[in-house]
Amino acid sequence: MNAKILFPVCGRTARLPEHLVQETLRAATPHGAADEADVERNLWCHLQIHDDGDHFALVLDLAGVDTGAVWARWAGGKPVEALDIRPDCSFVNPETREICCEFAFHSGAHTHQLTYTPVEFSTPTKASVS
Ligand SMILES: [Zn+2]
Ligand SMILES: [Zn+2]
């Protein structure tokens with residue numbers, strides 16, 4: 001039996017506006033040219049489910065070692081307005097050596113403690129506005 005406790009991921013979805021796609025590409029340029037196709041436009045919050053605070057979604061991994069990644073940040077019910085370049089979380093699961101896929105000093109549990117449910121982009125739910 002596996003006694004590991006898993007926490008549900010927030011998974012709040014949002015769409016990356018086109019001007020932030022361009023801003024992501026500009027931010028990535030010093031680290032090596034990024035392909036526009038690699039920019040994630042269908043965003044979903046990677047954090048453990050949370051009551052308050054901003055949502056964070058991975059937009060683009062920056063090339064190179066210890067360069068971090070571009071994250072989109074938005075408040076619940078609001079469009080995505082801001083991008084942050086954040087270093088990667090340095091946590092490594094001591095049992096599996098699995099690295100955490102979130103950013104440094106994120107709130108909530110690390111990736112390996114989260115449980116993911118499939119995210120649907122084609123059928124947005126009107127009931128989840130908050
Ligand atoms: Zn969230
Ligand atoms: Zn982590």
# chains A, B, ... in the order shown; residues from 1 in each chain; ligands from 1

call {"tool": "residues_near_ligand", "arguments": {"ligand": "ligand 2", "cutoff": "7 Å", "atoms": "only C-alpha atoms and all ligand atoms", "output": "VMD selection string"}}
result
chain A and resid 89 to 91 100 to 104 106 109 to 111

call {"tool": "closest_atom_pairs", "arguments": {"of": "chain A", "to": "ligand 1", "cutoff": "9 Å", "atoms": "only C-alpha atoms and all ligand atoms", "output": "Markdown table"}}
result
| residue | atom | partner | partner_atom_place_in_ligand_line | distance |
| --- | --- | --- | --- | --- |
| A:Val9 | CA | ligand 1 | 1 (Zn) | 7.8 |
| A:Cys10 | CA | ligand 1 | 1 (Zn) | 4.6 |
| A:Gly11 | CA | ligand 1 | 1 (Zn) | 6.2 |
| A:Arg12 | CA | ligand 1 | 1 (Zn) | 5.5 |
| A:Thr13 | CA | ligand 1 | 1 (Zn) | 8.5 |
| A:Trp44 | CA | ligand 1 | 1 (Zn) | 7.7 |
| A:Cys45 | CA | ligand 1 | 1 (Zn) | 4.5 |
| A:His46 | CA | ligand 1 | 1 (Zn) | 6.6 |
| A:Leu47 | CA | ligand 1 | 1 (Zn) | 5.5 |
| A:Gln48 | CA | ligand 1 | 1 (Zn) | 7.1 |
| A:Ile49 | CA | ligand 1 | 1 (Zn) | 5.9 |
| A:His50 | CA | ligand 1 | 1 (Zn) | 6.0 |
| A:Asp51 | CA | ligand 1 | 1 (Zn) | 8.3 |
| A:Asp52 | CA | ligand 1 | 1 (Zn) | 8.3 |
| A:Gly53 | CA | ligand 1 | 1 (Zn) | 7.8 |
| A:Asp54 | CA | ligand 1 | 1 (Zn) | 6.4 |
| A:His55 | CA | ligand 1 | 1 (Zn) | 3.8 |
| A:Phe56 | CA | ligand 1 | 1 (Zn) | 6.1 |
| A:Ala57 | CA | ligand 1 | 1 (Zn) | 8.2 |
| A:Trp74 | CA | ligand 1 | 1 (Zn) | 8.7 |
| A:Ala75 | CA | ligand 1 | 1 (Zn) | 8.5 |
| A:Gly76 | CA | ligand 1 | 1 (Zn) | 7.9 |

call {"tool": "write_last_selection", "arguments": {"atoms": "C-alpha atoms", "output": "PDB file, in the first residue's frame"}}
result
ATOM      1  CA  VAL A   9      -3.548  20.691  -8.164  1.00  0.00           C
ATOM      2  CA  CYS A  10      -5.301  24.038  -8.691  1.00  0.00           C
ATOM      3  CA  GLY A  11      -5.553  23.640 -12.458  1.00  0.00           C
ATOM      4  CA  ARG A  12      -7.308  26.948 -13.065  1.00  0.00           C
ATOM      5  CA  THR A  13      -7.150  27.628 -16.785  1.00  0.00           C
ATOM      6  CA  TRP A  44      -3.301  26.080 -16.185  1.00  0.00           C
ATOM      7  CA  CYS A  45      -2.209  26.804 -12.635  1.00  0.00           C
ATOM      8  CA  HIS A  46       0.467  24.360 -11.443  1.00  0.00           C
ATOM      9  CA  LEU A  47       0.147  25.111  -7.740  1.00  0.00           C
ATOM     10  CA  GLN A  48      -1.580  23.068  -5.102  1.00  0.00           C
ATOM     11  CA  ILE A  49      -5.185  24.219  -4.904  1.00  0.00           C
ATOM     12  CA  HIS A  50      -5.314  27.558  -3.089  1.00  0.00           C
ATOM     13  CA  ASP A  51      -7.964  29.899  -1.737  1.00  0.00           C
ATOM     14  CA  ASP A  52      -6.208  33.169  -2.355  1.00  0.00           C
ATOM     15  CA  GLY A  53      -3.145  34.498  -4.095  1.00  0.00           C
ATOM     16  CA  ASP A  54      -2.358  34.555  -7.769  1.00  0.00           C
ATOM     17  CA  HIS A  55      -2.444  31.621 -10.156  1.00  0.00           C
ATOM     18  CA  PHE A  56       0.809  30.608 -11.846  1.00  0.00           C
ATOM     19  CA  ALA A  57       1.259  28.689 -15.080  1.00  0.00           C
ATOM     20  CA  TRP A  74      -3.016  36.142 -12.862  1.00  0.00           C
ATOM     21  CA  ALA A  75      -5.667  36.758 -10.229  1.00  0.00           C
ATOM     22  CA  GLY A  76      -8.812  34.640 -10.151  1.00  0.00           C
TER      23      GLY A  76
END

call {"tool": "select_by_dssp", "arguments": {"residues": "chain A", "states": "strand (DSSP E)", "output": "MDAnalysis selection string"}}
result
chainID A and resid 7:8 13:15 42:44 55:61 69:74 82:86 114:115

call {"tool": "residues_around", "arguments": {"residues": "Ala63 in chain A", "least_positions_apart": "5", "cutoff": "10 Å", "atoms": "only C-alpha atoms", "output": "number ranges by chain"}}
result
A: 28-34, 68-69

call {"tool": "atom_distance", "arguments": {"atom1": "CA of Arg73 in chain A", "atom2": "CA of Ala14 in chain A"}}
result
9.9 Å

call {"tool": "atom_distance", "arguments": {"atom1": "CA of Gln22 in chain A", "atom2": "CA of Thr67 in chain A"}}
result
19.0 Å

call {"tool": "select_by_dssp", "arguments": {"residues": "range 7-97 of chain A", "states": "helix (DSSP H, G or I)", "output": "PyMOL selection string"}}
result
chain A and resi 18-31+36-38

call {"tool": "write_last_selection", "arguments": {"atoms": "N, CA and C atoms", "output": "compact mmCIF listing (two decimals), in the first residue's frame"}}
result
# COMPACT_ATOMS: atom_id res chain seq x y z
N GLU A 18 -1.97 37.31 -26.93
CA GLU A 18 -0.93 37.31 -27.98
C GLU A 18 0.23 38.26 -27.64
N HIS A 19 -0.06 39.40 -27.02
CA HIS A 19 1.04 40.33 -26.74
C HIS A 19 1.99 39.75 -25.70
N LEU A 20 1.47 38.87 -24.82
CA LEU A 20 2.36 38.23 -23.85
C LEU A 20 3.14 37.07 -24.46
N VAL A 21 2.60 36.50 -25.55
CA VAL A 21 3.38 35.52 -26.31
C VAL A 21 4.64 36.21 -26.84
N GLN A 22 4.45 37.40 -27.42
CA GLN A 22 5.58 38.15 -27.96
C GLN A 22 6.55 38.56 -26.85
N GLU A 23 5.99 38.96 -25.70
CA GLU A 23 6.85 39.34 -24.57
C GLU A 23 7.66 38.14 -24.07
N THR A 24 7.04 36.97 -24.08
CA THR A 24 7.75 35.75 -23.68
C THR A 24 8.94 35.49 -24.60
N LEU A 25 8.71 35.65 -25.90
CA LEU A 25 9.79 35.42 -26.87
C LEU A 25 10.92 36.43 -26.67
N ARG A 26 10.54 37.67 -26.37
CA ARG A 26 11.57 38.69 -26.10
C ARG A 26 12.37 38.33 -24.86
N ALA A 27 11.66 37.89 -23.82
CA ALA A 27 12.33 37.55 -22.55
C ALA A 27 13.26 36.36 -22.72
N ALA A 28 12.91 35.46 -23.64
CA ALA A 28 13.69 34.23 -23.83
C ALA A 28 14.93 34.47 -24.69
N THR A 29 14.91 35.52 -25.51
CA THR A 29 15.97 35.73 -26.50
C THR A 29 17.39 35.71 -25.92
N PRO A 30 17.66 36.38 -24.77
CA PRO A 30 19.04 36.34 -24.26
C PRO A 30 19.51 34.92 -23.91
N HIS A 31 18.58 34.00 -23.74
CA HIS A 31 18.95 32.63 -23.35
C HIS A 31 19.03 31.69 -24.55
N GLU A 36 8.27 30.11 -31.28
CA GLU A 36 6.93 30.56 -30.87
C GLU A 36 6.02 29.37 -30.57
N ALA A 37 6.27 28.25 -31.26
CA ALA A 37 5.44 27.06 -31.05
C ALA A 37 5.65 26.45 -29.66
N ASP A 38 6.77 26.80 -29.02
CA ASP A 38 7.04 26.26 -27.68
C ASP A 38 6.37 27.07 -26.57

call {"tool": "atom_distance", "arguments": {"atom1": "CA of Thr117 in chain A", "atom2": "CA of Leu43 in chain A"}}
result
14.3 Å

call {"tool": "closest_residue", "arguments": {"among": "A:Ile99, A:Asp35, A:Arg15, A:Lys4", "to": "Gly77 in chain A", "atoms": "only C-alpha atoms"}}
result
A:Arg15
